[in-house]
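For reference, run-v5.cif (mmCIF, C-alpha atoms):
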data_run
#
loop_
_atom_site.group_PDB
_atom_site.id
_atom_site.type_symbol
_atom_site.label_atom_id
_atom_site.label_comp_id
_atom_site.auth_asym_id
_atom_site.auth_seq_id
_atom_site.Cartn_x
_atom_site.Cartn_y
_atom_site.Cartn_z
ATOM 1 C CA MET S 190 -23.555 -34.289 -28.169
ATOM 2 C CA GLY S 191 -26.341 -36.355 -26.594
ATOM 3 C CA VAL S 192 -29.545 -35.289 -24.901
ATOM 4 C CA ILE S 193 -28.051 -35.748 -21.428
ATOM 5 C CA GLU S 194 -25.117 -33.441 -22.208
ATOM 6 C CA PHE S 195 -27.483 -30.913 -23.794
ATOM 7 C CA CYS S 196 -29.683 -30.885 -20.688
ATOM 8 C CA ASP S 197 -26.625 -30.572 -18.424
ATOM 9 C CA MET S 198 -25.602 -27.441 -20.337
ATOM 10 C CA LEU S 199 -29.126 -26.039 -20.013
ATOM 11 C CA LYS S 200 -28.805 -26.464 -16.258
ATOM 12 C CA GLN S 201 -25.399 -24.767 -16.226
ATOM 13 C CA THR S 202 -26.849 -21.647 -17.867
ATOM 14 C CA LYS S 203 -29.093 -21.207 -14.794
ATOM 15 C CA GLU S 204 -31.783 -19.919 -17.165
ATOM 16 C CA PHE S 205 -33.950 -23.035 -16.882
ATOM 17 C CA ASP S 206 -35.364 -24.809 -13.843
ATOM 18 C CA GLU S 207 -35.501 -28.586 -13.472
ATOM 19 C CA LEU S 208 -39.063 -28.999 -14.757
ATOM 20 C CA GLU S 209 -38.370 -26.873 -17.832
ATOM 21 C CA ILE S 210 -35.347 -29.013 -18.611
ATOM 22 C CA LYS S 211 -37.363 -32.168 -18.010
ATOM 23 C CA ILE S 212 -39.989 -30.981 -20.502
ATOM 24 C CA ILE S 213 -37.401 -30.031 -23.127
ATOM 25 C CA LYS S 214 -35.824 -33.467 -22.767
ATOM 26 C CA ALA S 215 -39.230 -35.128 -23.159
ATOM 27 C CA MET S 216 -39.999 -33.074 -26.280
ATOM 28 C CA ILE S 217 -36.656 -34.016 -27.840
ATOM 29 C CA ASN S 218 -37.279 -37.702 -27.141
ATOM 30 C CA LEU S 219 -40.846 -37.535 -28.496
ATOM 31 C CA SER S 220 -39.602 -35.734 -31.607
ATOM 32 C CA ARG S 221 -37.147 -38.562 -32.185
ATOM 33 C CA ARG S 222 -40.117 -40.923 -32.100
ATOM 34 C CA ASP S 223 -41.747 -38.902 -34.900
ATOM 35 C CA GLN S 224 -43.959 -37.011 -32.464
ATOM 36 C CA ALA S 225 -42.767 -33.426 -32.979
ATOM 37 C CA LYS S 226 -46.137 -31.865 -32.091
ATOM 38 C CA VAL S 227 -47.286 -32.651 -28.568
ATOM 39 C CA THR S 228 -50.108 -31.800 -26.183
ATOM 40 C CA ALA S 229 -49.822 -30.880 -22.527
ATOM 41 C CA ALA S 230 -51.347 -34.270 -21.690
ATOM 42 C CA MET S 231 -48.581 -36.056 -23.613
ATOM 43 C CA ILE S 232 -45.927 -34.041 -21.805
ATOM 44 C CA ALA S 233 -47.592 -34.747 -18.459
ATOM 45 C CA ASN S 234 -47.513 -38.456 -19.237
ATOM 46 C CA GLU S 235 -43.826 -38.362 -20.290
ATOM 47 C CA THR S 236 -42.618 -36.320 -17.317
ATOM 48 C CA ASP S 237 -44.955 -37.569 -14.577
ATOM 49 C CA ILE S 238 -46.315 -34.097 -13.777
ATOM 50 C CA SER S 239 -49.853 -32.758 -13.818
ATOM 51 C CA VAL S 240 -51.415 -31.436 -17.020
ATOM 52 C CA THR S 241 -51.804 -28.056 -15.301
ATOM 53 C CA ASN S 242 -48.078 -27.907 -14.596
ATOM 54 C CA ALA S 243 -47.299 -29.089 -18.096
ATOM 55 C CA TYR S 244 -49.258 -26.138 -19.515
ATOM 56 C CA LYS S 245 -47.593 -23.748 -17.077
ATOM 57 C CA TYR S 246 -44.069 -24.771 -18.045
ATOM 58 C CA LEU S 247 -44.780 -25.109 -21.742
ATOM 59 C CA TYR S 248 -46.001 -21.495 -21.742
ATOM 60 C CA ALA S 249 -42.889 -20.459 -19.803
ATOM 61 C CA LEU S 250 -40.692 -22.141 -22.422
ATOM 62 C CA GLN S 251 -42.724 -20.449 -25.150
ATOM 63 C CA GLN S 252 -41.922 -17.058 -23.595
ATOM 64 C CA LYS S 253 -38.241 -17.993 -23.734
ATOM 65 C CA GLY S 254 -38.564 -18.891 -27.412
ATOM 66 C CA ILE S 255 -37.754 -22.588 -26.963
ATOM 67 C CA VAL S 256 -41.301 -23.768 -27.666
ATOM 68 C CA GLU S 257 -43.842 -22.709 -30.288
ATOM 69 C CA SER S 258 -47.574 -23.505 -30.340
ATOM 70 C CA MET S 259 -50.828 -23.221 -32.238
ATOM 71 C CA ALA S 260 -53.707 -21.206 -30.881
ATOM 72 C CA GLY S 261 -57.013 -22.978 -30.482
ATOM 73 C CA LYS S 262 -58.952 -25.404 -28.353
ATOM 74 C CA ASN S 263 -56.818 -28.461 -29.023
ATOM 75 C CA LYS S 264 -53.539 -26.716 -28.344
ATOM 76 C CA VAL S 265 -50.344 -28.393 -29.537
ATOM 77 C CA PHE S 266 -46.720 -27.475 -28.877
ATOM 78 C CA TRP S 267 -43.401 -28.160 -30.578
ATOM 79 C CA LEU S 268 -39.751 -27.250 -30.136
ATOM 80 C CA ALA S 269 -38.943 -24.012 -31.967
ATOM 81 C CA ARG S 270 -38.239 -24.604 -35.653
ATOM 82 C CA SER S 271 -38.643 -21.094 -37.066
ATOM 83 C CA ALA S 272 -35.122 -20.208 -35.923
ATOM 84 C CA ASN S 273 -32.540 -21.420 -33.439
ATOM 85 C CA PRO S 274 -33.725 -19.802 -30.168
ATOM 86 C CA PHE S 275 -30.453 -19.799 -28.233
ATOM 87 C CA PRO S 276 -28.696 -16.794 -29.820
ATOM 88 C CA ARG S 277 -31.794 -14.696 -29.099
ATOM 89 C CA LEU S 278 -32.022 -16.068 -25.573
ATOM 90 C CA PHE S 279 -28.396 -15.065 -24.995
ATOM 91 C CA SER S 280 -29.314 -11.530 -26.110
ATOM 92 C CA TYR S 281 -31.823 -11.359 -23.265
ATOM 93 C CA VAL S 282 -29.149 -12.548 -20.838
ATOM 94 C CA THR S 283 -26.744 -9.909 -22.183
ATOM 95 C CA LYS S 284 -29.401 -7.218 -21.760
ATOM 96 C CA ASP S 285 -29.789 -8.173 -18.095
ATOM 97 C CA TYR S 286 -26.002 -8.191 -17.724
ATOM 98 C CA PHE S 287 -25.686 -4.585 -18.881
ATOM 99 C CA LYS S 288 -28.396 -3.524 -16.432
ATOM 100 C CA LYS S 289 -26.453 -5.173 -13.617
ATOM 101 C CA ARG S 290 -23.200 -3.667 -14.838
ATOM 102 C CA GLU S 291 -24.649 -0.170 -14.537
ATOM 103 C CA MET S 292 -25.805 -1.008 -11.018
ATOM 104 C CA PHE S 293 -22.400 -2.345 -9.978
ATOM 105 C CA ASP S 294 -20.676 0.721 -11.444
ATOM 106 C CA GLU S 295 -22.935 2.888 -9.298
ATOM 107 C CA LEU S 296 -22.241 0.722 -6.241
ATOM 108 C CA ALA S 297 -18.502 1.103 -6.849
ATOM 109 C CA GLU S 298 -18.827 4.887 -6.813
ATOM 110 C CA MET S 299 -20.959 4.843 -3.675
ATOM 111 C CA TYR S 300 -18.493 2.514 -1.919
ATOM 112 C CA LYS S 301 -15.785 5.160 -2.256
ATOM 113 C CA GLU S 302 -17.793 7.387 0.068
ATOM 114 C CA PHE S 303 -17.730 4.819 2.864
ATOM 115 C CA VAL S 304 -14.346 3.089 2.715
ATOM 116 C CA ARG S 305 -10.812 4.000 1.682
ATOM 117 C CA THR S 306 -9.426 1.452 -0.749
ATOM 118 C CA ASP S 307 -5.767 2.425 -0.846
ATOM 119 C CA VAL S 308 -4.398 0.319 2.044
ATOM 120 C CA ILE S 309 -3.634 -3.205 0.878
ATOM 121 C CA TRP S 310 -4.914 -5.778 3.382
ATOM 122 C CA PHE S 311 -4.932 -3.053 6.054
ATOM 123 C CA GLY S 312 -1.137 -2.959 5.810
ATOM 124 C CA GLU S 313 -0.834 -6.436 7.332
ATOM 125 C CA LYS S 314 1.703 -8.891 5.923
ATOM 126 C CA MET S 315 0.371 -12.121 4.510
ATOM 127 C CA TYR S 316 2.404 -15.051 3.223
ATOM 128 C CA GLU S 317 0.714 -18.402 2.867
ATOM 129 C CA GLN S 318 0.329 -21.483 0.717
ATOM 130 C CA TYR S 319 -2.910 -21.907 -1.201
ATOM 131 C CA GLU S 320 -4.714 -24.412 -3.382
ATOM 132 C CA ASN S 321 -7.097 -23.559 -6.240
ATOM 133 C CA ASN S 322 -8.921 -20.255 -6.874
ATOM 134 C CA PHE S 323 -5.968 -18.819 -8.781
ATOM 135 C CA PRO S 324 -8.200 -16.565 -10.959
ATOM 136 C CA ASP S 325 -9.812 -14.972 -7.879
ATOM 137 C CA ARG S 326 -6.449 -14.284 -6.252
ATOM 138 C CA ALA S 327 -4.834 -13.012 -9.455
ATOM 139 C CA ALA S 328 -7.791 -10.700 -10.158
ATOM 140 C CA PHE S 329 -7.510 -9.300 -6.622
ATOM 141 C CA LEU S 330 -3.803 -8.616 -7.120
ATOM 142 C CA PHE S 331 -4.360 -6.871 -10.442
ATOM 143 C CA ASP S 332 -7.070 -4.726 -8.854
ATOM 144 C CA VAL S 333 -4.735 -3.494 -6.095
ATOM 145 C CA ALA S 334 -1.900 -2.690 -8.522
ATOM 146 C CA LYS S 335 -0.900 0.968 -8.604
ATOM 147 C CA LEU S 336 2.347 0.952 -10.591
ATOM 148 C CA GLU S 337 3.148 -2.318 -12.319
ATOM 149 C CA ILE S 338 2.127 -5.918 -12.912
ATOM 150 C CA LEU S 339 4.797 -8.466 -13.796
ATOM 151 C CA ALA S 340 3.620 -11.956 -14.734
ATOM 152 C CA THR S 341 4.841 -15.198 -16.243
ATOM 153 C CA THR S 342 2.524 -17.834 -17.641
ATOM 154 C CA GLN S 343 2.331 -20.934 -19.806
ATOM 155 C CA LYS S 344 -0.397 -19.384 -21.979
ATOM 156 C CA PHE S 345 -1.867 -15.913 -21.854
ATOM 157 C CA PHE S 346 -4.761 -15.633 -19.397
ATOM 158 C CA THR S 347 -8.222 -16.638 -20.622
ATOM 159 C CA ASP S 348 -10.289 -16.409 -17.433
ATOM 160 C CA VAL S 349 -12.687 -13.462 -17.619
ATOM 161 C CA LEU S 350 -12.012 -12.488 -13.974
ATOM 162 C CA VAL S 351 -8.309 -12.116 -14.684
ATOM 163 C CA LEU S 352 -8.774 -10.385 -18.043
ATOM 164 C CA ASP S 353 -11.243 -7.840 -16.663
ATOM 165 C CA ALA S 354 -8.892 -7.059 -13.775
ATOM 166 C CA LEU S 355 -6.041 -6.545 -16.255
ATOM 167 C CA ARG S 356 -8.185 -4.161 -18.302
ATOM 168 C CA ARG S 357 -9.038 -2.158 -15.184
ATOM 169 C CA ALA S 358 -5.356 -1.961 -14.239
ATOM 170 C CA ILE S 359 -4.384 -0.710 -17.698
ATOM 171 C CA ALA S 360 -7.173 1.873 -17.540
ATOM 172 C CA ARG S 361 -5.625 3.146 -14.266
ATOM 173 C CA GLY S 362 -2.261 3.538 -16.005
ATOM 174 C CA VAL S 363 -0.609 0.465 -14.483
ATOM 175 C CA LYS S 364 2.364 -0.853 -16.483
ATOM 176 C CA VAL S 365 1.932 -4.513 -17.476
ATOM 177 C CA LYS S 366 4.764 -6.835 -18.552
ATOM 178 C CA ILE S 367 4.120 -10.514 -19.271
ATOM 179 C CA ILE S 368 6.333 -13.433 -20.293
ATOM 180 C CA SER S 369 4.384 -16.263 -21.927
ATOM 181 C CA ASN S 370 5.566 -19.663 -23.126
ATOM 182 C CA GLU S 371 3.179 -19.458 -26.064
ATOM 183 C CA ILE S 372 0.716 -17.001 -27.541
ATOM 184 C CA ASP S 373 -1.214 -16.526 -30.762
ATOM 185 C CA ALA S 374 0.372 -13.901 -33.060
ATOM 186 C CA ASP S 375 -2.946 -12.152 -33.793
ATOM 187 C CA ARG S 376 -3.747 -11.884 -30.111
ATOM 188 C CA MET S 377 -0.270 -10.547 -29.500
ATOM 189 C CA GLU S 378 -0.975 -7.540 -31.688
ATOM 190 C CA GLY S 379 -4.193 -6.821 -29.808
ATOM 191 C CA LEU S 380 -2.422 -6.946 -26.447
ATOM 192 C CA LYS S 381 0.305 -4.606 -27.617
ATOM 193 C CA LYS S 382 -2.308 -2.120 -28.842
ATOM 194 C CA ILE S 383 -3.829 -1.816 -25.370
ATOM 195 C CA GLY S 384 -0.397 -1.277 -23.803
ATOM 196 C CA ILE S 385 0.651 -4.706 -22.554
ATOM 197 C CA GLU S 386 4.342 -5.484 -23.038
ATOM 198 C CA ILE S 387 4.750 -9.166 -23.765
ATOM 199 C CA ARG S 388 7.686 -11.413 -24.574
ATOM 200 C CA LEU S 389 7.942 -15.061 -25.523
ATOM 201 C CA GLY S 390 9.967 -17.215 -23.185
ATOM 202 C CA ARG S 391 10.058 -20.256 -20.953
ATOM 203 C CA ALA S 392 9.481 -18.821 -17.513
ATOM 204 C CA TRP S 393 9.371 -20.698 -14.237
ATOM 205 C CA PRO S 394 7.913 -20.418 -11.715
ATOM 206 C CA TYR S 395 4.646 -19.054 -13.062
ATOM 207 C CA LEU S 396 3.965 -15.963 -11.014
ATOM 208 C CA ALA S 397 2.477 -12.516 -10.802
ATOM 209 C CA VAL S 398 4.195 -9.719 -8.882
ATOM 210 C CA VAL S 399 2.393 -6.447 -8.216
ATOM 211 C CA ASP S 400 4.219 -3.252 -7.224
ATOM 212 C CA GLY S 401 7.109 -5.400 -5.970
ATOM 213 C CA MET S 402 5.263 -6.165 -2.719
ATOM 214 C CA HIS S 403 2.320 -8.413 -3.521
ATOM 215 C CA GLY S 404 2.089 -11.536 -5.603
ATOM 216 C CA ILE S 405 1.291 -15.136 -6.268
ATOM 217 C CA THR S 406 3.046 -18.196 -7.648
ATOM 218 C CA VAL S 407 1.212 -21.060 -9.303
ATOM 219 C CA ASP S 408 2.170 -24.574 -10.358
ATOM 220 C CA ARG S 409 0.407 -26.834 -12.848
ATOM 221 C CA ASP S 410 -1.973 -28.035 -10.118
ATOM 222 C CA GLU S 411 -3.057 -24.487 -9.215
ATOM 223 C CA ARG S 412 -1.101 -24.439 -5.988
ATOM 224 C CA GLY S 413 1.539 -22.038 -4.794
ATOM 225 C CA LEU S 414 2.342 -19.075 -2.565
ATOM 226 C CA TRP S 415 0.187 -16.018 -2.029
ATOM 227 C CA PHE S 416 1.693 -12.936 -0.391
ATOM 228 C CA LEU S 417 0.853 -9.313 0.362
ATOM 229 C CA ASN S 418 3.017 -6.490 1.752
ATOM 230 C CA CYS S 419 6.148 -8.664 1.637
ATOM 231 C CA ASN S 420 9.654 -8.095 0.332
ATOM 232 C CA THR S 421 10.593 -10.987 -1.942
ATOM 233 C CA ASP S 422 13.067 -11.697 -4.723
ATOM 234 C CA TYR S 423 10.370 -12.472 -7.289
ATOM 235 C CA LYS S 424 10.607 -9.103 -9.032
ATOM 236 C CA ASN S 425 14.342 -9.606 -9.583
ATOM 237 C CA GLN S 426 13.675 -13.123 -10.855
ATOM 238 C CA PHE S 427 11.151 -11.739 -13.299
ATOM 239 C CA GLU S 428 13.506 -9.046 -14.581
ATOM 240 C CA GLU S 429 16.208 -11.664 -15.210
ATOM 241 C CA MET S 430 13.740 -13.797 -17.180
ATOM 242 C CA TRP S 431 12.520 -10.709 -19.049
ATOM 243 C CA GLU S 432 16.008 -9.951 -20.302
ATOM 244 C CA LYS S 433 16.380 -13.507 -21.641
ATOM 245 C CA ALA S 434 12.899 -13.640 -23.204
ATOM 246 C CA GLU S 435 12.341 -13.083 -26.905
ATOM 247 C CA GLU S 436 10.964 -9.705 -27.953
ATOM 248 C CA PHE S 437 8.268 -9.657 -30.631
#

Would it be possible to restate this file's structure as structure tokens?
Amino acid sequence: MGVIEFCDMLKQTKEFDELEIKIIKAMINLSRRDQAKVTAAMIANETDISVTNAYKYLYALQQKGIVESMAGKNKVFWLARSANPFPRLFSYVTKDYFKKREMFDELAEMYKEFVRTDVIWFGEKMYEQYENNFPDRAAFLFDVAKLEILATTQKFFTDVLVLDALRRAIARGVKVKIISNEIDADRMEGLKKIGIEIRLGRAWPYLAVVDGMHGITVDRDERGLWFLNCNTDYKNQFEEMWEKAEEF
């Protein structure tokens, strides 16, 4: 992986602003020119920012563990070499995540006091074609499930939105049956332990049907039909495929 790809990933984490990334890139390039230890003036020259800003952002990167420095009048900085800083940085992100999770759990409880959440789409029928955003739509369907989720897929779901919604459904006592074209044997055992019934089979179309009334189909381009509060034949189609699928 090159420096450009590395910096793109830093940006994707949303834990670094543009100037921090610019400084990290400059320090990597200087290190490759046998200049591992740098001053704020050197960074300012490489990145076209003021020395004051260079100090400000170097200290910010030091707080994140990416940069280390020597104390003293002629202060020098270098990219962290004592240990790889990214696993520790992820721990900080995880810590913040758990704080937010507690907050969202509390919000969910408070929301129950204001709004009833047992009428799917206000009872209105919806039947439309869609493109993209399959994980969002599938997660919504799994969250509204009260009795059962029936799904067919090429590979078992990997998107965290979909997986979390499945876990919530199982916790509510929803029955889950899935037909997958392929799945890892070790993962299969884990799914069975949490109560998911799964069979191996070639199923088409790929779909999810919830409580016989709500569902979604999806093709290989993430397009298909999305419906709520509708009578369809998809549940019967699933049951026919289920009977032909291979039991583990």

Residues selected by the PyMOL selection byres ((chain S and resi 402-405) around 8), written as a ChimeraX atom specification: /S:326-327,330,396-401,406-407,413-421

Given the PyMOL selection byres ((chain S and resi 390) around 7) and the file above, list the residues it selects as an NGL selection string. :S and (368-370 or 388-389 or 391-392 or 434-435)

Write to file, as a compact mmCIF listing (two decimals), in the coordinates of the input, the residues of the selection just made, with C-alpha atoms.
# COMPACT_ATOMS: atom_id res chain seq x y z
CA ILE S 368 6.33 -13.43 -20.29
CA SER S 369 4.38 -16.26 -21.93
CA ASN S 370 5.57 -19.66 -23.13
CA ARG S 388 7.69 -11.41 -24.57
CA LEU S 389 7.94 -15.06 -25.52
CA ARG S 391 10.06 -20.26 -20.95
CA ALA S 392 9.48 -18.82 -17.51
CA ALA S 434 12.90 -13.64 -23.20
CA GLU S 435 12.34 -13.08 -26.90

All residues 12 Å or closer to S:Ser271, all atoms listed in the file, same chain fewer than 6 positions away omitted, as a list in words: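 Contacts, with the query itself left out: Gly254, Ile255, Val256, Glu257 and Ser258 of chain S.
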
Take the residues from that selection and put them in a file with C-alpha atoms, as an mmCIF file, keeping the file's coordinate frame.
data_model
loop_
_atom_site.group_PDB
_atom_site.id
_atom_site.type_symbol
_atom_site.label_atom_id
_atom_site.label_comp_id
_atom_site.auth_asym_id
_atom_site.auth_seq_id
_atom_site.Cartn_x
_atom_site.Cartn_y
_atom_site.Cartn_z
ATOM 1 C CA GLY S 254 -38.564 -18.891 -27.412
ATOM 2 C CA ILE S 255 -37.754 -22.588 -26.963
ATOM 3 C CA VAL S 256 -41.301 -23.768 -27.666
ATOM 4 C CA GLU S 257 -43.842 -22.709 -30.288
ATOM 5 C CA SER S 258 -47.574 -23.505 -30.340
#

Around stretch 311-330 of chain S, fit a box with edges along x, y and z, padding it by 5 Å on each side, then list its centre and edge lengths in Å to one decimal as lines of an AutoDock Vina configuration file.
center_x = -3.7
center_y = -13.7
center_z = -1.8
size_x = 22.2
size_y = 31.5
size_z = 28.3

Close residues, S:Val363 itself excluded, 12 Å, only C-alpha atoms, min 2 positions apart in chain, as a ChimeraX atom specification: /S:331-339,354-361,365-366,383-386,399-400

List, as a VMD selection string, every residue that the PyMOL selection byres ((chain S and resi 216) around 9) selects in the file provided. chain S and resid 211 to 215 217 to 221 224 to 227 232 235 267 to 268

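Interatomic distance, atom CA of S:Lys314 against atom CA of S:Phe346: 27.0 Å.
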
With distances taken over only C-alpha atoms, which residue among S:Trp431, S:Glu209, S:Cys196, S:Ala233 lies nearest S:Gln252? S:Glu209

Considering all atoms listed in the file, can you say which of S:Tyr244, S:Lys253, S:Glu411, S:Ile238 comes closest to S:Pro276? S:Lys253

One decimal, Å: what's the distance from atom CA of S:Thr228 over to atom CA of S:Asn263, could you say? 8.0 Å

What would stretch 245-258 of chain S look like with N, CA and C atoms restored, written as a PDB file, in the coordinates of the input?
ATOM      1  N   LYS S 245     -48.310 -24.875 -17.685  1.00  0.00           N
ATOM      2  CA  LYS S 245     -47.593 -23.748 -17.077  1.00  0.00           C
ATOM      3  C   LYS S 245     -46.160 -23.660 -17.609  1.00  0.00           C
ATOM      4  N   TYR S 246     -45.474 -24.794 -17.640  1.00  0.00           N
ATOM      5  CA  TYR S 246     -44.069 -24.771 -18.045  1.00  0.00           C
ATOM      6  C   TYR S 246     -43.898 -24.714 -19.554  1.00  0.00           C
ATOM      7  N   LEU S 247     -44.841 -25.241 -20.283  1.00  0.00           N
ATOM      8  CA  LEU S 247     -44.780 -25.109 -21.742  1.00  0.00           C
ATOM      9  C   LEU S 247     -44.935 -23.643 -22.146  1.00  0.00           C
ATOM     10  N   TYR S 248     -45.843 -22.926 -21.463  1.00  0.00           N
ATOM     11  CA  TYR S 248     -46.001 -21.495 -21.742  1.00  0.00           C
ATOM     12  C   TYR S 248     -44.749 -20.716 -21.344  1.00  0.00           C
ATOM     13  N   ALA S 249     -44.121 -21.126 -20.222  1.00  0.00           N
ATOM     14  CA  ALA S 249     -42.889 -20.459 -19.803  1.00  0.00           C
ATOM     15  C   ALA S 249     -41.783 -20.667 -20.842  1.00  0.00           C
ATOM     16  N   LEU S 250     -41.686 -21.864 -21.384  1.00  0.00           N
ATOM     17  CA  LEU S 250     -40.692 -22.141 -22.422  1.00  0.00           C
ATOM     18  C   LEU S 250     -41.031 -21.419 -23.722  1.00  0.00           C
ATOM     19  N   GLN S 251     -42.330 -21.203 -23.962  1.00  0.00           N
ATOM     20  CA  GLN S 251     -42.724 -20.449 -25.150  1.00  0.00           C
ATOM     21  C   GLN S 251     -42.284 -18.991 -25.018  1.00  0.00           C
ATOM     22  N   GLN S 252     -42.376 -18.431 -23.818  1.00  0.00           N
ATOM     23  CA  GLN S 252     -41.922 -17.058 -23.595  1.00  0.00           C
ATOM     24  C   GLN S 252     -40.425 -16.933 -23.814  1.00  0.00           C
ATOM     25  N   LYS S 253     -39.693 -18.002 -23.540  1.00  0.00           N
ATOM     26  CA  LYS S 253     -38.241 -17.993 -23.734  1.00  0.00           C
ATOM     27  C   LYS S 253     -37.865 -18.298 -25.181  1.00  0.00           C
ATOM     28  N   GLY S 254     -38.839 -18.644 -26.007  1.00  0.00           N
ATOM     29  CA  GLY S 254     -38.564 -18.891 -27.412  1.00  0.00           C
ATOM     30  C   GLY S 254     -38.159 -20.308 -27.733  1.00  0.00           C
ATOM     31  N   ILE S 255     -38.171 -21.202 -26.737  1.00  0.00           N
ATOM     32  CA  ILE S 255     -37.754 -22.588 -26.963  1.00  0.00           C
ATOM     33  C   ILE S 255     -38.890 -23.416 -27.557  1.00  0.00           C
ATOM     34  N   VAL S 256     -40.108 -23.030 -27.225  1.00  0.00           N
ATOM     35  CA  VAL S 256     -41.301 -23.768 -27.666  1.00  0.00           C
ATOM     36  C   VAL S 256     -42.194 -22.853 -28.482  1.00  0.00           C
ATOM     37  N   GLU S 257     -42.838 -23.410 -29.493  1.00  0.00           N
ATOM     38  CA  GLU S 257     -43.842 -22.709 -30.288  1.00  0.00           C
ATOM     39  C   GLU S 257     -45.154 -23.475 -30.172  1.00  0.00           C
ATOM     40  N   SER S 258     -46.286 -22.813 -30.479  1.00  0.00           N
ATOM     41  CA  SER S 258     -47.574 -23.505 -30.340  1.00  0.00           C
ATOM     42  C   SER S 258     -48.617 -22.903 -31.264  1.00  0.00           C
TER      43      SER S 258
END
